[in-house]
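Novice: This structure is in structure tokens; I'll ask about it shortly.
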Amino acid sequence: MAVSSNELERIADDMYKDRVIRGSVYCGNCGYNLHSLPYIYTCPECGNQYNARPLKMDGIFVLHDTYFPASDIAATLLCAPIVYLLIAGGVNPTDYGWLILGAGVGVVALTFAVKAYHRLPRFFKARSIARRIALEEQEEE
Ligand SMILES: [Zn+2]
């Protein structure tokens with residue numbers, strides 16, 4: 001009998017429902033330390049629903065988000081002038097080869113731009129949460 005992934009998720013959540021978090025895990029919305037709270041619960045400070053179960057980690061602060069999306073921004077800035085040159089080269093006289101190439105690189109540039117656009121707010125939020133965590137750890141020492 002095959003078990004669907006939804007069923008596996010439910011079983012895994014059920015295994016963790018009565019356990020409490022032993023280490024320092026932080027709310028992904030406000031940075032509150034969820035230590036000694038249930039694995040699947042609501043942040044007492046901001047009401048963010050989270051699931052800190054391993055392999056799930058929904059609504060939990062992830063350090064990876066604190067990295068500035070420099071490569072996405074750099075790729076966008078690198079592709080944009082190439083798109084301009086390819087399309088400008090294909091306009092007069094009309095050369096569909098350059099125009100199609102320009103459109104192709106344009107799609108790549110747009111993909112990087114959209115990625116950077118979505119990662120920037122996550123970066124700023126994660127950075128403020130990381131700052132809060134660092135301040136609270138300092139106070140504990
Ligand atoms: Zn919170």
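Convention: chains lettered A, B, ... in structure tokens order; per-chain residue numbering from 1; ligands numbered from 1 as shown.
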Please list as an mmCIF file with N, CA and C atoms, in the first residue's frame every residue within 10 Å of A:Ile73, counting only C-alpha atoms and excluding residues in the same chain fewer than 4 positions away.

Specialist:
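Printed below is out_24.cif as written:
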```cif
data_model
loop_
_atom_site.group_PDB
_atom_site.id
_atom_site.type_symbol
_atom_site.label_atom_id
_atom_site.label_comp_id
_atom_site.auth_asym_id
_atom_site.auth_seq_id
_atom_site.Cartn_x
_atom_site.Cartn_y
_atom_site.Cartn_z
ATOM 1 N N PHE A 68 22.304 38.828 1.477
ATOM 2 C CA PHE A 68 21.869 39.804 0.480
ATOM 3 C C PHE A 68 21.861 39.133 -0.899
ATOM 4 N N PRO A 69 20.771 39.300 -1.682
ATOM 5 C CA PRO A 69 20.688 38.621 -2.986
ATOM 6 C C PRO A 69 21.585 39.269 -4.037
ATOM 7 N N LEU A 77 21.852 43.217 -13.495
ATOM 8 C CA LEU A 77 22.593 44.381 -13.990
ATOM 9 C C LEU A 77 23.518 44.022 -15.146
ATOM 10 N N LEU A 78 23.992 42.781 -15.156
ATOM 11 C CA LEU A 78 24.860 42.327 -16.250
ATOM 12 C C LEU A 78 24.044 42.053 -17.512
ATOM 13 N N CYS A 79 22.871 41.454 -17.345
ATOM 14 C CA CYS A 79 22.042 41.075 -18.494
ATOM 15 C C CYS A 79 21.363 42.278 -19.145
ATOM 16 N N ALA A 109 17.192 37.877 -17.792
ATOM 17 C CA ALA A 109 17.358 39.063 -16.947
ATOM 18 C C ALA A 109 16.130 39.274 -16.065
ATOM 19 N N PHE A 112 16.032 36.820 -13.123
ATOM 20 C CA PHE A 112 16.911 37.239 -12.016
ATOM 21 C C PHE A 112 16.317 38.436 -11.282
ATOM 22 N N ALA A 113 15.729 39.373 -12.035
ATOM 23 C CA ALA A 113 15.159 40.569 -11.418
ATOM 24 C C ALA A 113 13.997 40.198 -10.498
ATOM 25 N N VAL A 114 13.139 39.279 -10.945
ATOM 26 C CA VAL A 114 11.995 38.854 -10.133
ATOM 27 C C VAL A 114 12.484 38.143 -8.874
ATOM 28 N N LYS A 115 13.517 37.294 -9.025
ATOM 29 C CA LYS A 115 14.087 36.590 -7.874
ATOM 30 C C LYS A 115 14.627 37.593 -6.848
ATOM 31 N N ALA A 116 15.370 38.589 -7.339
ATOM 32 C CA ALA A 116 15.939 39.604 -6.441
ATOM 33 C C ALA A 116 14.823 40.391 -5.762
ATOM 34 N N TYR A 117 13.773 40.721 -6.541
ATOM 35 C CA TYR A 117 12.644 41.485 -6.021
ATOM 36 C C TYR A 117 11.956 40.742 -4.878
ATOM 37 N N LEU A 120 14.635 40.449 -1.672
ATOM 38 C CA LEU A 120 15.035 41.659 -0.936
ATOM 39 C C LEU A 120 14.206 41.904 0.335
#
```

Novice: Grab me every residue within 7 Å of ligand 1, counting only C-alpha atoms and all ligand atoms, and send it over as a list in words.

Specialist: Cys27, Gly28, Asn29, Cys30, Gly31, Tyr32, Cys43, Pro44, Glu45, Cys46, Gly47 and Asn48 of chain A

Novice: How would you write, as a PyMOL selection string, the set of residues in stretch 6-131 of chain A that DSSP gives as helix (DSSP H, G or I)?

Specialist: chain A and resi 6-16+63-66+70-91+96-131

Novice: Considering only C-alpha atoms, return as a VMD selection string whatever protein or nucleic-acid residues lie within 9 Å of A:Val20, sequence-local ones (same chain, fewer than 5 positions apart) excluded.

Specialist: chain A and resid 35 to 40

Novice: Could the residues in this selection be saved with N, CA, C and O atoms as a PDB file, in the first residue's frame?

Specialist:
```pdb
ATOM      1  N   HIS A  35      11.883  28.472  22.220  1.00  0.00           N
ATOM      2  CA  HIS A  35      12.383  27.444  23.125  1.00  0.00           C
ATOM      3  C   HIS A  35      11.314  27.052  24.144  1.00  0.00           C
ATOM      4  O   HIS A  35      10.647  27.922  24.704  1.00  0.00           O
ATOM      5  N   SER A  36      11.128  25.750  24.340  1.00  0.00           N
ATOM      6  CA  SER A  36      10.197  25.135  25.291  1.00  0.00           C
ATOM      7  C   SER A  36       8.721  25.260  24.871  1.00  0.00           C
ATOM      8  O   SER A  36       7.833  24.926  25.639  1.00  0.00           O
ATOM      9  N   LEU A  37       8.469  25.727  23.665  1.00  0.00           N
ATOM     10  CA  LEU A  37       7.093  25.749  23.134  1.00  0.00           C
ATOM     11  C   LEU A  37       6.904  24.504  22.252  1.00  0.00           C
ATOM     12  O   LEU A  37       7.874  23.881  21.831  1.00  0.00           O
ATOM     13  N   PRO A  38       5.643  24.117  21.982  1.00  0.00           N
ATOM     14  CA  PRO A  38       5.415  22.945  21.120  1.00  0.00           C
ATOM     15  C   PRO A  38       5.984  23.139  19.714  1.00  0.00           C
ATOM     16  O   PRO A  38       6.137  24.270  19.253  1.00  0.00           O
ATOM     17  N   TYR A  39       6.286  22.030  19.065  1.00  0.00           N
ATOM     18  CA  TYR A  39       6.843  22.071  17.706  1.00  0.00           C
ATOM     19  C   TYR A  39       5.871  22.698  16.707  1.00  0.00           C
ATOM     20  O   TYR A  39       6.286  23.362  15.771  1.00  0.00           O
ATOM     21  N   ILE A  40       4.594  22.427  16.899  1.00  0.00           N
ATOM     22  CA  ILE A  40       3.581  22.960  15.987  1.00  0.00           C
ATOM     23  C   ILE A  40       2.648  23.831  16.828  1.00  0.00           C
ATOM     24  O   ILE A  40       1.899  23.331  17.664  1.00  0.00           O
TER      25      ILE A  40
END
```

Novice: Find the spatial neighbours of A:Pro54, counting only C-alpha atoms, within a cut-off of 10 Å - ignore same-chain residues fewer than 5 positions away - and output them as a ChimeraX atom specification.

Specialist: /A:12-13,16,39

Novice: Restricted to N, CA and C atoms, what would the selected residues look like written as a PDB file, in the first residue's frame?

Specialist:
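Okay, this is what ended up in again.pdb:
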```
ATOM      1  N   ALA A  12       3.984  12.626  10.394  1.00  0.00           N
ATOM      2  CA  ALA A  12       5.163  13.293  10.961  1.00  0.00           C
ATOM      3  C   ALA A  12       4.733  14.396  11.930  1.00  0.00           C
ATOM      4  N   ASP A  13       3.719  15.188  11.536  1.00  0.00           N
ATOM      5  CA  ASP A  13       3.213  16.247  12.429  1.00  0.00           C
ATOM      6  C   ASP A  13       2.678  15.635  13.721  1.00  0.00           C
ATOM      7  N   TYR A  16       5.227  14.785  16.325  1.00  0.00           N
ATOM      8  CA  TYR A  16       5.847  15.913  17.029  1.00  0.00           C
ATOM      9  C   TYR A  16       4.853  16.761  17.816  1.00  0.00           C
ATOM     10  N   TYR A  39       6.286  22.030  19.065  1.00  0.00           N
ATOM     11  CA  TYR A  39       6.843  22.071  17.706  1.00  0.00           C
ATOM     12  C   TYR A  39       5.871  22.698  16.707  1.00  0.00           C
TER      13      TYR A  39
END
```
